[in-house]
Amino acid sequence: MGKKGFIFLPGGFNSVIEELSKKYRIYAPVLKEKEGRFTDTDVVRYDFVNEVADIELEKKSDYSFKEILTPLSQTLFFFTENDVKEANVDEREVLVFLRSCDLNALKRLDQIYLKNGREEDYFYARIRDKVKFVLMGCAHSYEDCFCVDMGTNRADDLDFSFSVDYVDNKFRCQLKDEALSSIFENNALKEDDVTPMFVTENETRVKLPGEVPLSIFTSDMWDEYTARCIGCGRCNYVCPTCTCYTMQDVYYTDNGKVGERRRVNASCMVDGYTNVAGGGEYRKKHGDRMRFKTMHKIYDFRKRFGYNMCVGCGRCDTVCPEYISFSNIINKVTAKVEEVQNEN
C-alpha cells in the first residue's frame, strides 16, 4: 500500500516546479550536451533548474549532489591582522533531486560532519539546515550500479519532502512534507496512493566481507593497483561519500596580511595527500592508497558506525580512465578473506 500522493500531467508538475522555485533554489541532474570527457560526449551533472524540462529523469548523473553541501572550494572566513569575518552563506532554502543511493549517501555525510565527535561541523551544518530533498525513483538498474547488495536501493525510512516517478507520461509523487500540500493539490490531476519506484536487482553483484584479518592489509593483491591506477582522483570526486578536504590560507597580492581561509576538497588517491612535515609520505604507492580507500568504504567505517560507507552508485567504475572496477575490488577482498579463513 502506498502513501499519500498525487498524479500530475507534465504541465501540472511543471507548475509545481515553478511554484517551488519561488522559494527554493532547485538543483537536479541536468544533461549537458557535448560537455563530457570528450568533445562528442555528454555529461549529466547537477545544476539549477527552473522547469521540469531541465531535469534529466532517465539517465544516472555522472556526478553526485555532494558539491551542493560540500563545495569543491569553500571560503570559511576572511581575516586581517586584527579581525576575522565569517563568510556569508546564501540564506535561500534549497531543494535537491536525487536517487536512492545518493539519499543514502546523505546519511553518510551527516554521520561524518554532524555525528562524528562532540561537535557538529559548523560550516557543513549551516548549509545542510537549508536543504530539503526530492527522491527520484529508479525504474531500472543502471550500468555499474550495485546498490542492492549495499542495501541502499531503498530510501523508505530516510527523510525526503516528496518523491517523483515519470510513468506513462505522468508524474507520480508521494508527498511527505505537508507544508507543500496546497501546491500539490492545486496542480494535480488527482490524488492517489503512491509508492516510489526502487530497484530490486542489479546486473553487477558484490559480496561484502565480514571480519577482515590484518593479513589483507599487507596482501600482494594491492600490487595490481600500483601498476594500474594513475592517481588521478576521479573516483573520489564523483563519489557521493568521499569527504576528505584540506585547508588553504590565501593571501591577497596587494596586502599580504589580509586573506581568506578555504576548505578545498581533497583526494586520498592523489600524490601529496599523506605528505607530512620533512617531506615524508605515508602511502606512496597507488596500491596502498587503493587499499586505504577500499577498507574505509567497506570495513573501517562499518566498524565504527555500523553500516558501510559505499552506497554502490557505481560512478567510480564508470569514470575510471584505467577501467578499474571498485565492485570487482570488493569481490576480490571478500575472496581473499575467505581464502585466509579456509587456510586457518
# chains A, B, ... in the order shown; residues from 1 in each chain; ligands from 1
>>> residues_around(residues="region 93-104 of chain A", least_positions_apart="2", cutoff="7 Å", atoms="only C-alpha atoms", output="ChimeraX atom specification")
/A:23-28,91,106-108,130-137,147,152-155,240,311,313
>>> closest_atom_pairs(of="region 34-151 of chain A", to="region 247-257 of chain A", cutoff="12 Å", atoms="only C-alpha atoms", output="tab-separated table")
residue	atom	partner	partner_atom	distance
A:Leu72	CA	A:Met247	CA	11.6
A:Ser73	CA	A:Gln248	CA	9.6
A:Gln74	CA	A:Met247	CA	9.7
A:Thr75	CA	A:Gln248	CA	9.3
A:Leu76	CA	A:Met247	CA	9.7
A:Phe77	CA	A:Asp249	CA	9.9
A:Phe78	CA	A:Val250	CA	9.4
A:Phe79	CA	A:Lys257	CA	8.3
A:Thr80	CA	A:Lys257	CA	6.0
A:Glu81	CA	A:Lys257	CA	6.1
A:Asn82	CA	A:Lys257	CA	9.8
A:Asp83	CA	A:Lys257	CA	11.1
>>> select_by_dssp(residues="region 121-268 of chain A", states="strand (DSSP E or B)", output="number ranges by chain")
A: 131-136, 162-167, 170-175, 190-194, 245-252, 255-265
>>> closest_residue(among="A:Gly287, A:Pro29, A:Gly306, A:Pro321", to="Cys235 (chain A)", atoms="only C-alpha atoms")
A:Pro321
>>> closest_atom_pairs(of="region 190-257 of chain A", to="region 164-185 of chain A", cutoff="10 Å", atoms="only C-alpha atoms", output="CSV")
residue,atom,partner,partner_atom,distance
A:Lys190,CA,A:Glu185,CA,8.1
A:Glu191,CA,A:Glu185,CA,7.7
A:Asp192,CA,A:Gln174,CA,8.8
A:Asp193,CA,A:Gln174,CA,7.5
A:Val194,CA,A:Gln174,CA,5.2
A:Thr195,CA,A:Gln174,CA,6.5
A:Pro196,CA,A:Asp165,CA,6.8
A:Met197,CA,A:Asp165,CA,6.9
>>> residues_around(residues="Val340 (chain A)", least_positions_apart="5", cutoff="9 Å", atoms="only C-alpha atoms", output="count of residues only")
4
>>> closest_residue(among="A:Val84, A:Cys244, A:Val270, A:Val206", to="Leu109 (chain A)", atoms="only C-alpha atoms")
A:Cys244
>>> select_by_dssp(residues="region 51-217 of chain A", states="helix (DSSP H, G or I)", output="ChimeraX atom specification")
/A:52-54,66-68,100-114,122-128,147-150,178-187,214-217
>>> write_last_selection(atoms="N, CA and C atoms", output="short mmCIF file (atom, residue, chain, number, x, y, z; two decimals), in the first residue's frame")
data_model
loop_
_atom_site.label_atom_id
_atom_site.label_comp_id
_atom_site.auth_asym_id
_atom_site.auth_seq_id
_atom_site.Cartn_x
_atom_site.Cartn_y
_atom_site.Cartn_z
N VAL A 52 10.50 21.64 -15.32
CA VAL A 52 10.67 20.19 -15.34
C VAL A 52 11.48 19.72 -16.55
N ALA A 53 11.42 20.47 -17.65
CA ALA A 53 12.16 20.09 -18.85
C ALA A 53 13.67 20.13 -18.63
N ASP A 54 14.12 20.88 -17.63
CA ASP A 54 15.56 20.96 -17.33
C ASP A 54 16.08 19.70 -16.65
N LYS A 66 26.88 16.04 -3.88
CA LYS A 66 27.57 16.48 -2.66
C LYS A 66 28.18 17.87 -2.76
N GLU A 67 28.47 18.36 -3.99
CA GLU A 67 29.05 19.69 -4.12
C GLU A 67 28.11 20.78 -3.62
N ILE A 68 26.82 20.47 -3.54
CA ILE A 68 25.86 21.44 -3.00
C ILE A 68 26.09 21.63 -1.51
N SER A 100 17.93 7.11 -4.80
CA SER A 100 18.01 6.43 -3.51
C SER A 100 19.45 6.28 -3.02
N CYS A 101 20.37 5.91 -3.92
CA CYS A 101 21.76 5.73 -3.49
C CYS A 101 22.33 7.02 -2.93
N ASP A 102 22.00 8.15 -3.56
CA ASP A 102 22.51 9.43 -3.09
C ASP A 102 21.83 9.88 -1.80
N LEU A 103 20.55 9.55 -1.64
CA LEU A 103 19.88 9.88 -0.39
C LEU A 103 20.48 9.07 0.76
N ASN A 104 20.87 7.84 0.47
CA ASN A 104 21.59 7.04 1.46
C ASN A 104 22.99 7.61 1.69
N ALA A 105 23.60 8.17 0.66
CA ALA A 105 24.91 8.82 0.82
C ALA A 105 24.80 10.02 1.74
N LEU A 106 23.68 10.73 1.68
CA LEU A 106 23.46 11.87 2.58
C LEU A 106 23.56 11.43 4.04
N LYS A 107 23.03 10.27 4.34
CA LYS A 107 23.13 9.73 5.70
C LYS A 107 24.60 9.59 6.11
N ARG A 108 25.45 9.17 5.18
CA ARG A 108 26.88 9.04 5.46
C ARG A 108 27.53 10.40 5.67
N LEU A 109 27.17 11.39 4.84
CA LEU A 109 27.73 12.73 5.00
C LEU A 109 27.34 13.32 6.35
N ASP A 110 26.07 13.16 6.71
CA ASP A 110 25.61 13.66 8.01
C ASP A 110 26.34 12.98 9.15
N GLN A 111 26.60 11.68 8.99
CA GLN A 111 27.32 10.94 10.03
C GLN A 111 28.72 11.52 10.23
N ILE A 112 29.40 11.80 9.14
CA ILE A 112 30.77 12.31 9.21
C ILE A 112 30.81 13.74 9.76
N TYR A 113 29.95 14.60 9.24
CA TYR A 113 30.05 16.02 9.57
C TYR A 113 29.24 16.43 10.81
N LEU A 114 28.20 15.69 11.14
CA LEU A 114 27.32 16.12 12.24
C LEU A 114 27.36 15.21 13.46
N TYR A 122 30.37 23.09 11.86
CA TYR A 122 29.54 24.29 11.77
C TYR A 122 29.29 24.69 10.32
N PHE A 123 30.32 24.65 9.50
CA PHE A 123 30.20 25.15 8.13
C PHE A 123 29.39 24.20 7.25
N TYR A 124 29.40 22.93 7.56
CA TYR A 124 28.52 21.98 6.88
C TYR A 124 27.09 22.17 7.35
N ALA A 125 26.91 22.29 8.66
CA ALA A 125 25.57 22.37 9.24
C ALA A 125 24.80 23.59 8.75
N ARG A 126 25.48 24.71 8.57
CA ARG A 126 24.76 25.93 8.18
C ARG A 126 24.23 25.84 6.76
N ILE A 127 24.86 25.01 5.92
CA ILE A 127 24.31 24.75 4.59
C ILE A 127 23.25 23.65 4.67
N ARG A 128 23.57 22.58 5.37
CA ARG A 128 22.69 21.41 5.48
C ARG A 128 21.31 21.78 6.01
N CYS A 147 23.75 -1.15 -5.88
CA CYS A 147 23.10 -0.60 -4.69
C CYS A 147 22.34 -1.67 -3.90
N VAL A 148 21.81 -2.68 -4.57
CA VAL A 148 21.02 -3.69 -3.88
C VAL A 148 21.87 -4.43 -2.86
N ASP A 149 23.06 -4.86 -3.27
CA ASP A 149 23.93 -5.59 -2.35
C ASP A 149 24.48 -4.68 -1.24
N MET A 150 24.51 -3.38 -1.49
CA MET A 150 24.96 -2.44 -0.46
C MET A 150 23.82 -2.00 0.45
N GLU A 178 4.08 18.04 4.50
CA GLU A 178 2.72 18.58 4.46
C GLU A 178 2.69 20.07 4.14
N ALA A 179 3.80 20.76 4.33
CA ALA A 179 3.85 22.18 4.01
C ALA A 179 3.69 22.43 2.51
N LEU A 180 3.88 21.39 1.72
CA LEU A 180 3.75 21.52 0.26
C LEU A 180 2.38 21.07 -0.24
N SER A 181 1.49 20.71 0.66
CA SER A 181 0.20 20.13 0.26
C SER A 181 -0.59 21.02 -0.68
N SER A 182 -0.69 22.29 -0.37
CA SER A 182 -1.53 23.18 -1.18
C SER A 182 -1.00 23.30 -2.60
N ILE A 183 0.32 23.38 -2.76
CA ILE A 183 0.90 23.46 -4.10
C ILE A 183 0.58 22.21 -4.90
N PHE A 184 0.67 21.05 -4.26
CA PHE A 184 0.40 19.78 -4.94
C PHE A 184 -1.09 19.65 -5.26
N GLU A 185 -1.94 19.96 -4.31
CA GLU A 185 -3.38 19.82 -4.51
C GLU A 185 -3.89 20.73 -5.62
N ASN A 186 -3.32 21.92 -5.73
CA ASN A 186 -3.79 22.90 -6.72
C ASN A 186 -3.39 22.56 -8.15
N ASN A 187 -2.41 21.68 -8.31
CA ASN A 187 -1.90 21.41 -9.66
C ASN A 187 -2.02 19.95 -10.10
N LEU A 214 44.17 -8.95 9.48
CA LEU A 214 45.22 -7.98 9.22
C LEU A 214 46.05 -8.33 7.99
N SER A 215 46.12 -9.62 7.67
CA SER A 215 46.93 -10.03 6.52
C SER A 215 46.42 -9.44 5.21
N ILE A 216 45.14 -9.09 5.14
CA ILE A 216 44.58 -8.50 3.93
C ILE A 216 45.20 -7.13 3.68
N PHE A 217 45.50 -6.42 4.76
CA PHE A 217 46.04 -5.06 4.62
C PHE A 217 47.45 -5.07 4.03
#
>>> closest_residue(among="A:Leu31, A:Leu57, A:Val49, A:Cys320", to="Arg228 (chain A)", atoms="only C-alpha atoms")
A:Cys320
>>> atom_distance(atom1="CA of Leu189 (chain A)", atom2="CA of Ser163 (chain A)")
16.3 Å
>>> atom_distance(atom1="CA of Thr39 (chain A)", atom2="CA of Thr318 (chain A)")
17.6 Å
>>> closest_residue(among="A:Gly272, A:Gly314, A:Gly278, A:Gly210", to="Ser64 (chain A)", atoms="only C-alpha atoms")
A:Gly314
